[in-house]
Each structure stands twice: as C-alpha cells, then as structure tokens.
$ cat input35.json   # JSON, C-alpha atoms (C1' of nucleotides)
[["chain", "number", "residue", "atom", "x", "y", "z"],
["A", 149, "MET", "CA", 0.00, 0.00, 0.00],
["A", 150, "LEU", "CA", 1.31, 3.41, -1.03],
["A", 151, "ILE", "CA", 0.28, 6.42, 1.05],
["A", 152, "ALA", "CA", 1.33, 9.99, 0.29],
["A", 153, "ALA", "CA", 0.94, 13.58, 1.42],
["A", 154, "TRP", "CA", 1.46, 16.65, -0.75],
["A", 155, "ASN", "CA", 1.08, 20.34, -0.06],
["A", 156, "VAL", "CA", -0.02, 21.43, -3.54],
["A", 157, "ASN", "CA", -0.14, 25.20, -2.85],
["A", 158, "SER", "CA", -3.47, 25.71, -4.67],
["A", 159, "LEU", "CA", -5.21, 22.72, -6.17],
["A", 160, "ASN", "CA", -6.47, 24.97, -8.95],
["A", 161, "MET", "CA", -2.95, 25.74, -10.07],
["A", 162, "ARG", "CA", -1.62, 22.25, -9.43],
["A", 163, "LEU", "CA", -4.40, 20.05, -10.81],
["A", 164, "PRO", "CA", -2.57, 19.09, -14.03],
["A", 165, "ARG", "CA", 0.53, 18.18, -12.04],
["A", 166, "LEU", "CA", -1.51, 16.25, -9.48],
["A", 167, "LEU", "CA", -3.30, 14.23, -12.14],
["A", 168, "ALA", "CA", -0.02, 13.40, -13.87],
["A", 169, "TRP", "CA", 1.52, 12.42, -10.54],
["A", 170, "LEU", "CA", -1.44, 10.18, -9.66],
["A", 171, "ALA", "CA", -1.22, 8.48, -13.04],
["A", 172, "ALA", "CA", 2.52, 7.92, -12.67],
["A", 173, "ASN", "CA", 2.50, 6.73, -9.07],
["A", 174, "ARG", "CA", -0.97, 5.23, -8.53],
["A", 175, "PRO", "CA", -0.94, 5.75, -4.73],
["A", 176, "ASP", "CA", -3.72, 4.15, -2.71],
["A", 177, "ILE", "CA", -4.24, 7.24, -0.56],
["A", 178, "VAL", "CA", -3.09, 10.85, -0.95],
["A", 179, "CYS", "CA", -3.59, 13.61, 1.60],
["A", 180, "LEU", "CA", -3.50, 17.10, 0.10],
["A", 181, "GLN", "CA", -2.78, 20.36, 1.88],
["A", 182, "GLU", "CA", -3.34, 23.98, 0.88],
["A", 183, "THR", "CA", -6.02, 23.21, -1.67],
["A", 184, "LYS", "CA", -7.20, 26.84, -1.30],
["A", 185, "LEU", "CA", -10.61, 25.90, -2.70],
["A", 186, "GLU", "CA", -14.14, 26.17, -1.45],
["A", 187, "ASP", "CA", -15.80, 22.76, -1.42],
["A", 188, "ALA", "CA", -18.12, 23.77, -4.27],
["A", 189, "LYS", "CA", -15.06, 24.31, -6.45],
["A", 190, "PHE", "CA", -13.27, 21.04, -5.69],
["A", 191, "PRO", "CA", -12.38, 19.27, -8.97],
["A", 192, "VAL", "CA", -14.53, 16.21, -8.26],
["A", 193, "LEU", "CA", -14.99, 15.32, -11.93],
["A", 194, "GLU", "CA", -11.27, 15.35, -12.62],
["A", 195, "THR", "CA", -10.24, 13.35, -9.55],
["A", 196, "THR", "CA", -13.04, 10.85, -10.17],
["A", 197, "ALA", "CA", -11.95, 10.43, -13.77],
["A", 198, "ALA", "CA", -8.43, 9.83, -12.47],
["A", 199, "GLY", "CA", -9.77, 6.92, -10.43],
["A", 200, "TYR", "CA", -10.00, 8.51, -6.98],
["A", 201, "THR", "CA", -12.76, 9.35, -4.54],
["A", 202, "ALA", "CA", -12.19, 12.73, -2.95],
["A", 203, "HIS", "CA", -13.05, 13.79, 0.60],
["A", 204, "PHE", "CA", -12.32, 17.43, 1.33],
["A", 205, "ALA", "CA", -12.66, 20.34, 3.70],
["A", 206, "GLY", "CA", -11.80, 23.60, 2.00],
["A", 207, "GLN", "CA", -12.10, 27.36, 2.16],
["A", 208, "LYS", "CA", -11.37, 30.28, -0.10],
["A", 209, "THR", "CA", -7.76, 31.50, -0.51],
["A", 210, "TYR", "CA", -6.09, 29.74, 2.42],
["A", 211, "ASN", "CA", -5.64, 26.28, 3.91],
["A", 212, "GLY", "CA", -7.90, 23.45, 2.77],
["A", 213, "VAL", "CA", -7.23, 19.71, 3.06],
["A", 214, "ALA", "CA", -8.38, 16.63, 1.19],
["A", 215, "ILE", "CA", -7.99, 12.87, 1.09],
["A", 216, "LEU", "CA", -8.00, 11.13, -2.27],
["A", 217, "VAL", "CA", -8.73, 7.41, -2.05],
["A", 218, "ARG", "CA", -8.23, 5.10, -5.00],
["A", 219, "SER", "CA", -11.67, 4.10, -6.20],
["A", 220, "ASP", "CA", -11.33, 0.40, -5.40],
["A", 221, "LEU", "CA", -11.01, 1.27, -1.68],
["A", 222, "ALA", "CA", -13.76, 2.46, 0.65],
["A", 223, "ALA", "CA", -13.45, 5.25, 3.21],
["A", 224, "SER", "CA", -15.48, 5.42, 6.41],
["A", 225, "GLU", "CA", -15.61, 7.58, 9.55],
["A", 226, "VAL", "CA", -14.68, 10.70, 7.58],
["A", 227, "ALA", "CA", -14.19, 13.59, 10.01],
["A", 228, "MET", "CA", -12.99, 17.19, 9.79],
["A", 229, "GLY", "CA", -11.14, 19.37, 12.28],
["A", 230, "ILE", "CA", -9.88, 18.74, 15.79],
["A", 231, "PRO", "CA", -12.67, 17.75, 18.20],
["A", 232, "GLY", "CA", -13.13, 20.35, 20.92],
["A", 233, "PHE", "CA", -10.80, 22.86, 19.22],
["A", 234, "ASP", "CA", -12.78, 25.66, 17.68],
["A", 235, "ASP", "CA", -11.04, 26.60, 14.44],
["A", 236, "GLU", "CA", -12.39, 28.33, 11.35],
["A", 237, "GLN", "CA", -9.39, 27.21, 9.35],
["A", 238, "LYS", "CA", -9.68, 23.98, 7.39],
["A", 239, "ARG", "CA", -6.58, 22.06, 8.40],
["A", 240, "VAL", "CA", -7.53, 18.52, 9.40],
["A", 241, "ILE", "CA", -9.37, 15.69, 7.66],
["A", 242, "ALA", "CA", -9.50, 12.07, 8.79],
["A", 243, "ALA", "CA", -10.85, 8.83, 7.36],
["A", 244, "THR", "CA", -10.55, 5.08, 7.87],
["A", 245, "ILE", "CA", -9.42, 3.21, 4.76],
["A", 246, "ALA", "CA", -8.46, -0.47, 4.48],
["A", 247, "GLY", "CA", -8.28, -0.72, 8.26],
["A", 248, "ILE", "CA", -5.94, 2.26, 8.53],
["A", 249, "ARG", "CA", -6.92, 5.48, 10.27],
["A", 250, "ILE", "CA", -5.61, 8.36, 8.15],
["A", 251, "VAL", "CA", -5.29, 11.85, 9.59],
["A", 252, "GLY", "CA", -4.24, 14.52, 7.09],
["A", 253, "VAL", "CA", -2.96, 17.75, 8.61],
["A", 254, "TYR", "CA", -1.91, 21.21, 7.53],
["A", 255, "VAL", "CA", -0.30, 22.68, 10.63],
["A", 256, "PRO", "CA", -0.30, 26.51, 10.92],
["A", 257, "ASN", "CA", 2.83, 28.20, 9.63],
["A", 258, "GLY", "CA", 3.35, 30.45, 12.65],
["A", 259, "GLN", "CA", 4.72, 33.35, 10.56],
["A", 260, "ALA", "CA", 7.23, 34.63, 13.15],
["A", 261, "VAL", "CA", 8.30, 33.56, 16.61],
["A", 262, "ALA", "CA", 6.28, 35.33, 19.33],
["A", 263, "SER", "CA", 3.57, 36.50, 16.90],
["A", 264, "ASP", "CA", -0.13, 35.80, 17.41],
["A", 265, "LYS", "CA", 0.08, 33.23, 14.63],
["A", 266, "TYR", "CA", 2.97, 31.54, 16.41],
["A", 267, "ARG", "CA", 0.95, 31.26, 19.62],
["A", 268, "TYR", "CA", -1.95, 29.87, 17.58],
["A", 269, "LYS", "CA", 0.42, 27.31, 16.06],
["A", 270, "LEU", "CA", 1.56, 26.07, 19.46],
["A", 271, "ALA", "CA", -2.01, 25.89, 20.79],
["A", 272, "TRP", "CA", -3.01, 24.07, 17.62],
["A", 273, "TYR", "CA", -0.19, 21.54, 18.09],
["A", 274, "ALA", "CA", -1.28, 20.87, 21.67],
["A", 275, "ALA", "CA", -4.84, 20.25, 20.51],
["A", 276, "LEU", "CA", -3.60, 17.94, 17.75],
["A", 277, "ALA", "CA", -1.56, 15.93, 20.27],
["A", 278, "ASP", "CA", -4.70, 15.50, 22.41],
["A", 279, "MET", "CA", -6.67, 14.38, 19.40],
["A", 280, "LEU", "CA", -4.01, 11.90, 18.31],
["A", 281, "ARG", "CA", -3.78, 10.27, 21.73],
["A", 282, "GLY", "CA", -7.49, 9.51, 21.36],
["A", 283, "GLU", "CA", -7.10, 8.32, 17.77],
["A", 284, "LEU", "CA", -4.25, 6.02, 18.80],
["A", 285, "ALA", "CA", -6.38, 4.51, 21.56],
["A", 286, "ARG", "CA", -9.14, 3.71, 19.05],
["A", 287, "HIS", "CA", -7.06, 2.87, 15.99],
["A", 288, "PRO", "CA", -3.90, 0.78, 16.38],
["A", 289, "ALA", "CA", -3.15, 1.34, 12.69],
["A", 290, "LEU", "CA", -2.79, 5.12, 12.56],
["A", 291, "ALA", "CA", -1.01, 7.33, 10.03],
["A", 292, "VAL", "CA", -0.77, 11.10, 10.51],
["A", 293, "LEU", "CA", 0.58, 12.88, 7.49],
["A", 294, "GLY", "CA", 0.88, 16.25, 5.86],
["A", 295, "ASP", "CA", 2.61, 19.60, 6.28],
["A", 296, "PHE", "CA", 3.72, 19.91, 9.91],
["A", 297, "ASN", "CA", 5.57, 23.20, 9.37],
["A", 298, "VAL", "CA", 8.38, 22.04, 11.65],
["A", 299, "ALA", "CA", 11.86, 20.86, 10.73],
["A", 300, "PRO", "CA", 12.32, 18.37, 13.58],
["A", 301, "GLU", "CA", 16.12, 18.42, 13.77],
["A", 302, "ASP", "CA", 19.06, 20.40, 12.44],
["A", 303, "ARG", "CA", 19.76, 17.69, 9.86],
["A", 304, "ASP", "CA", 16.34, 18.59, 8.39],
["A", 305, "VAL", "CA", 17.58, 22.12, 7.65],
["A", 306, "HIS", "CA", 19.92, 23.17, 4.83],
["A", 307, "ASP", "CA", 21.58, 25.83, 6.99],
["A", 308, "PRO", "CA", 20.89, 25.25, 10.68],
["A", 309, "ALA", "CA", 22.79, 28.36, 11.75],
["A", 310, "LEU", "CA", 20.70, 30.55, 9.45],
["A", 311, "TRP", "CA", 17.46, 29.04, 10.72],
["A", 312, "ALA", "CA", 18.38, 28.73, 14.40],
["A", 313, "GLY", "CA", 15.52, 29.97, 16.53],
["A", 314, "GLN", "CA", 13.47, 30.96, 13.49],
["A", 315, "VAL", "CA", 9.90, 29.91, 12.87],
["A", 316, "LEU", "CA", 9.73, 26.25, 11.70],
["A", 317, "CYS", "CA", 12.90, 25.49, 13.68],
["A", 318, "SER", "CA", 12.41, 27.07, 17.11],
["A", 319, "ASP", "CA", 12.68, 24.94, 20.23],
["A", 320, "PRO", "CA", 9.00, 25.28, 21.25],
["A", 321, "GLU", "CA", 7.90, 24.17, 17.79],
["A", 322, "ARG", "CA", 10.28, 21.24, 17.81],
["A", 323, "ALA", "CA", 9.02, 20.29, 21.27],
["A", 324, "ALA", "CA", 5.44, 20.47, 20.00],
["A", 325, "PHE", "CA", 6.33, 18.15, 17.13],
["A", 326, "ARG", "CA", 8.21, 15.81, 19.47],
["A", 327, "ALA", "CA", 5.11, 15.58, 21.66],
["A", 328, "LEU", "CA", 3.42, 13.78, 18.75],
["A", 329, "LEU", "CA", 6.26, 11.26, 18.71],
["A", 330, "ASP", "CA", 6.06, 10.94, 22.48],
["A", 331, "ALA", "CA", 2.37, 10.09, 22.07],
["A", 332, "GLY", "CA", 3.54, 6.93, 20.31],
["A", 333, "LEU", "CA", 4.15, 7.86, 16.68],
["A", 334, "SER", "CA", 7.28, 7.37, 14.59],
["A", 335, "ASP", "CA", 8.68, 9.73, 11.97],
["A", 336, "SER", "CA", 8.60, 7.20, 9.12],
["A", 337, "PHE", "CA", 11.41, 8.96, 7.27],
["A", 338, "ARG", "CA", 13.83, 8.18, 10.09],
["A", 339, "LEU", "CA", 12.98, 4.49, 10.18],
["A", 340, "PHE", "CA", 15.42, 4.15, 7.28],
["A", 341, "GLU", "CA", 18.85, 5.26, 6.17],
["A", 342, "GLN", "CA", 18.34, 8.41, 4.15],
["A", 343, "PRO", "CA", 20.53, 10.56, 1.94],
["A", 344, "GLU", "CA", 21.97, 13.66, 3.61],
["A", 345, "ARG", "CA", 20.20, 16.93, 2.88],
["A", 346, "THR", "CA", 16.85, 15.46, 1.93],
["A", 347, "PHE", "CA", 14.13, 18.08, 2.15],
["A", 348, "SER", "CA", 10.44, 18.47, 1.31],
["A", 349, "TRP", "CA", 10.11, 22.23, 0.85],
["A", 350, "TRP", "CA", 12.20, 24.83, -0.98],
["A", 351, "ASP", "CA", 11.52, 28.55, -1.17],
["A", 352, "TYR", "CA", 10.52, 29.77, -4.61],
["A", 353, "ARG", "CA", 13.16, 32.51, -4.29],
["A", 354, "GLN", "CA", 16.95, 32.68, -4.54],
["A", 355, "LEU", "CA", 17.43, 29.45, -6.50],
["A", 356, "ALA", "CA", 16.61, 27.54, -3.36],
["A", 357, "PHE", "CA", 15.58, 24.37, -5.19],
["A", 358, "PRO", "CA", 18.54, 23.97, -7.57],
["A", 359, "LYS", "CA", 20.83, 24.74, -4.64],
["A", 360, "ASN", "CA", 18.85, 22.30, -2.50],
["A", 361, "ASN", "CA", 18.38, 24.94, 0.18],
["A", 362, "GLY", "CA", 15.34, 23.34, 1.74],
["A", 363, "LEU", "CA", 13.68, 22.13, 4.89],
["A", 364, "ARG", "CA", 12.06, 18.82, 5.74],
["A", 365, "ILE", "CA", 8.71, 19.93, 7.12],
["A", 366, "ASP", "CA", 6.32, 17.42, 5.51],
["A", 367, "HIS", "CA", 6.09, 14.18, 7.40],
["A", 368, "ILE", "CA", 4.34, 10.82, 7.71],
["A", 369, "LEU", "CA", 3.98, 9.66, 11.29],
["A", 370, "LEU", "CA", 3.09, 6.02, 11.94],
["A", 371, "SER", "CA", 1.76, 4.12, 14.93],
["A", 372, "PRO", "CA", 3.81, 1.07, 16.03],
["A", 373, "ALA", "CA", 1.50, -1.31, 14.13],
["A", 374, "LEU", "CA", 2.10, 0.60, 10.90],
["A", 375, "ALA", "CA", 5.78, 1.31, 11.53],
["A", 376, "SER", "CA", 6.33, -2.43, 11.66],
["A", 377, "ARG", "CA", 4.70, -2.72, 8.23],
["A", 378, "CYS", "CA", 6.63, 0.17, 6.70],
["A", 379, "ALA", "CA", 8.90, -0.93, 3.85],
["A", 380, "ALA", "CA", 10.04, 2.51, 2.68],
["A", 381, "SER", "CA", 9.64, 6.23, 3.30],
["A", 382, "ARG", "CA", 10.78, 8.76, 0.77],
["A", 383, "ILE", "CA", 10.34, 12.23, -0.65],
["A", 384, "ASP", "CA", 9.62, 12.67, -4.35],
["A", 385, "ARG", "CA", 12.02, 15.49, -5.10],
["A", 386, "ALA", "CA", 11.42, 15.12, -8.86],
["A", 387, "ALA", "CA", 7.87, 16.44, -8.38],
["A", 388, "ARG", "CA", 9.35, 19.84, -7.40],
["A", 389, "LYS", "CA", 11.05, 20.25, -10.82],
["A", 390, "GLY", "CA", 9.87, 21.94, -13.97],
["A", 391, "GLU", "CA", 7.25, 24.57, -14.70],
["A", 392, "LYS", "CA", 4.74, 25.70, -12.09],
["A", 393, "PRO", "CA", 5.73, 23.39, -9.26],
["A", 394, "SER", "CA", 4.35, 23.49, -5.76],
["A", 395, "ASP", "CA", 7.02, 24.67, -3.33],
["A", 396, "HIS", "CA", 6.57, 21.30, -1.55],
["A", 397, "ALA", "CA", 7.41, 17.81, -2.76],
["A", 398, "PRO", "CA", 5.19, 14.80, -1.99],
["A", 399, "VAL", "CA", 6.19, 12.49, 0.86],
["A", 400, "LEU", "CA", 5.37, 8.78, 0.66],
["A", 401, "VAL", "CA", 5.39, 5.54, 2.59],
["A", 402, "GLU", "CA", 5.04, 1.97, 1.35],
["A", 403, "LEU", "CA", 3.30, -0.40, 3.75],
["A", 404, "ARG", "CA", 3.43, -4.17, 3.58],
["A", 405, "ASP", "CA", 0.07, -6.02, 3.64],
["B", 222, "DA", "C1'", 18.77, 18.23, -14.67],
["B", 223, "DT", "C1'", 17.52, 22.59, -11.63],
["B", 224, "DG", "C1'", 16.61, 28.52, -12.40],
["B", 225, "DG", "C1'", 16.50, 33.85, -9.94],
["B", 226, "DC", "C1'", 8.73, 34.09, -5.77],
["B", 227, "DA", "C1'", 3.88, 32.38, -6.18],
["B", 228, "DA", "C1'", -1.15, 32.50, -5.43],
["B", 229, "DT", "C1'", -5.04, 34.93, -4.16],
["B", 230, "DG", "C1'", -8.27, 38.62, -4.00],
["B", 231, "DT", "C1'", -9.02, 43.25, -1.93],
["B", 232, "DT", "C1'", -6.05, 43.38, -8.36],
["B", 233, "DT", "C1'", -2.26, 46.78, -10.98],
["B", 234, "DC", "C1'", -0.78, 46.34, -4.90],
["B", 235, "DA", "C1'", -1.34, 43.90, -0.19],
["B", 236, "DT", "C1'", -1.19, 39.75, 2.18],
["B", 237, "DT", "C1'", 0.49, 35.33, 3.22],
["B", 238, "DG", "C1'", 3.40, 31.55, 2.98],
["B", 239, "DA", "C1'", 7.83, 29.02, 5.04]]
$ encode --input "input35.json" --output "structure tokens"
Amino acid sequence: MLIAAWNVNSLNMRLPRLLAWLAANRPDIVCLQETKLEDAKFPVLETTAAGYTAHFAGQKTYNGVAILVRSDLAASEVAMGIPGFDDEQKRVIAATIAGIRIVGVYVPNGQAVASDKYRYKLAWYAALADMLRGELARHPALAVLGDFNVAPEDRDVHDPALWAGQVLCSDPERAAFRALLDAGLSDSFRLFEQPERTFSWWDYRQLAFPKNNGLRIDHILLSPALASRCAASRIDRAARKGEKPSDHAPVLVELRD
DNA sequence: ATGGCAATGTTTCATTGA
C-alpha cells in the first residue's frame, strides 16, 4: 500500500501536475494540503476520472485539506477538524481506509516567533496531540501525514545556523512536534537510512531548489503497528522540478500487507 | 537536470506563505 501527502499550494494551479503524478505513481491514498478551494469548487470530476474518490474540507484563498482514495477502496468515519478545538481554518481531515486510520494535517505556519500566529500554532499543536492520543487509543493502525511546518532536527535544515531559533525550527515548535512522537508515533522517514540533505520544501526565491536549500517539514507519522509494516519512506524530489511546481514535494510511505 | 517568488483577492498592490 502506497500512502502519500502533498502540499499542492493551490489545487487549482496544481491540478494538471496532481493528475499526472497520480497516473505515474498510482498511490492508494493521498492527503492534500493547501487546496485553497471552497468545497463547491473542488475538482470532483477530474479526480473521479483519475480513479480517486475525494473527501475534502476547504475554504477560499487559504488552507484546505483533502484525502484522495483510490476508487477500489472504501473510506469510512470521515471527520474534519480537531474535536473540541474551535477553528475556522480547514486544516484537518480524517478517514478510515483499508483498516488504517488516516489523519491529514496542515499545521499553521506560525509566521514569526512570538507572533499571534505563532501562539496559535503552538495551541493548535497541543490540541492535535490531544486528538491523536485519542485516535491512537481507538485505531492501532494510525497514520498522521501532511505539512507539519516544523523541521524536527538540524539535519532537516539546509543551513541550521541561518534558521536557528526561526519559525519552523524554534525549540517550542520542535518540542510540539516531538510531543506527537512521544504520544507513540514514529517519523517514518527516520525508520530508514536516508541521503543527507533530503528536504520536502524549498523557497521559490533565490534558487533555493537547484541549490537544495530546503527544509524537511512534511512528514508521515506512523503508529507502532504501521511502523512495523513500513517498507520505505521517501520524498519525491522530482515532483518539485519543472514549470509551475508546488514549493513542496510529496512524501510517501510503502506499507506491507 | 535545476533557475532567480507564487497565489489569491481586496487586483495593478497587499497579504500570506515558510
């Protein structure tokens, strides 16, 4: 089973790329972030024609998440948002597919350390951790994937000195991310030997991508039951190349049956 | 095997992202 997450930075702009990527990779499940679409404008016809059933929670301009499920699989218990956490922003969607609980997340960016948006990010992370403890109790096979907007360690940063203490790399954010691991989840990427300087996001500016000046901020977290089934975890850097790319690359895991 | 911000709406600039 192939499961992926991709921050597409506008599904409108990225639909041709997404469809080509689905055709080339045929994942079973894909979580999308930053669709930036109202639900009425979700490209249901196109994703259906591509062989996927779409579940989505969107809004105009910002945020927006979706789960695409290959049409031969059924999704149940579809849920949006974080229970008990009042949030206008569409950042979480969950579903149960083939016995696996999938939680797709688009964590707030935080903008700048000590800003209101930064405080919101930390509160949001705490609420997510609460939610995931409950999900883990109910679903032994749990995958939490998407854009976490945190580079967990210095090796996930192209220039740790440049980014030290900055948003996406600050200690409170890293602690908030680590709390998800402490709840019983594994960063699937680190279950395997990985090439140095592997990232999932590159700024559109300053030749960041060709210079590989990136961050690893998109992650797939797995419960112990799924970590033991995980055969590979990788980042599809090639999907960041060419014309009109998203600034993020897709992240993927392969699970054994 | 790459390219010097991009996407959106309030549109001809401001806001946000990471």
$ atom_distance --input "input35.json" --atom1 "atom CA of Asn157 of chain A" --atom2 "atom CA of Glu182 of chain A"
5.1 Å
$ residues_near_point --input "input35.json" --point "(1.7, 1.8, -1.0)" --cutoff "7 Å" --atoms "only C-alpha atoms (C1' of nucleotides)" --output "list in words"
Met149, Leu150, Ile151, Pro175, Asp176, Val401, Glu402 and Leu403 of chain A
$ interface_residues --input "input35.json" --of "chain A" --to "chain B" --cutoff "7 Å" --atoms "all atoms listed in the file" --output "number ranges by chain"
A: 209, 257, 352-355, 357-358, 389
$ residues_near_point --input "input35.json" --point "(-2.5, 19.0, 8.6)" --cutoff "7 Å" --atoms "all atoms listed in the file" --output "PyMOL selection string"
chain A and resi 181+239-240+252-255+293-296
$ atom_distance --input "input35.json" --atom1 "atom CA of Val298 of chain A" --atom2 "atom CA of Val226 of chain A"
26.0 Å
$ atom_distance --input "input35.json" --atom1 "atom CA of Ala242 of chain A" --atom2 "atom CA of Phe347 of chain A"
25.3 Å
$ axis_aligned_box --input "input35.json" --around "segment 230-236 of chain B" --padding-each-side "4 Å" --output "lines of an AutoDock Vina configuration file"
center_x = -4.9
center_y = 42.7
center_z = -4.4
size_x = 16.2
size_y = 16.2
size_z = 21.2
$ closest_residue --input "input35.json" --among "A:Pro191, A:Gly362, A:Pro300, A:Pro320" --to "Arg388 of chain A" --atoms "only C-alpha atoms"
A:Gly362
$ residues_around --input "input35.json" --residues "Asp235 of chain A" --least-positions-apart "4" --cutoff "12 Å" --atoms "only C-alpha atoms (C1' of nucleotides)" --output "PyMOL selection string"
chain A and resi 211+228-231+239-240+256+268-269+271-272+275-276
$ closest_residue --input "input35.json" --among "A:Glu283, A:Asp351, A:Glu186, A:Tyr266" --to "Gln314 of chain A" --atoms "all atoms listed in the file"
A:Tyr266
$ closest_residue --input "input35.json" --among "A:Val305, A:Leu216, A:Ala375, A:Ala285" --to "Ala331 of chain A" --atoms "only C-alpha atoms"
A:Ala285
$ residues_around --input "input35.json" --residues "segment 335-340 of chain A" --least-positions-apart "6" --cutoff "6 Å" --atoms "only C-alpha atoms (C1' of nucleotides)" --output "list in words"
Ile368, Leu369 and Ser381 of chain A
$ residues_around --input "input35.json" --residues "Pro398 of chain A" --least-positions-apart "2" --cutoff "8 Å" --atoms "all atoms listed in the file" --output "list in words"
Ala152, Ala153, Trp154, Asn155, Ser348, Ile383, Asp384, Arg385, Ala387, His396 and Leu400 of chain A
$ closest_residue --input "input35.json" --among "A:Leu370, A:Ala262, A:His203, A:Arg322" --to "His287 of chain A" --atoms "only C-alpha atoms"
A:Leu370
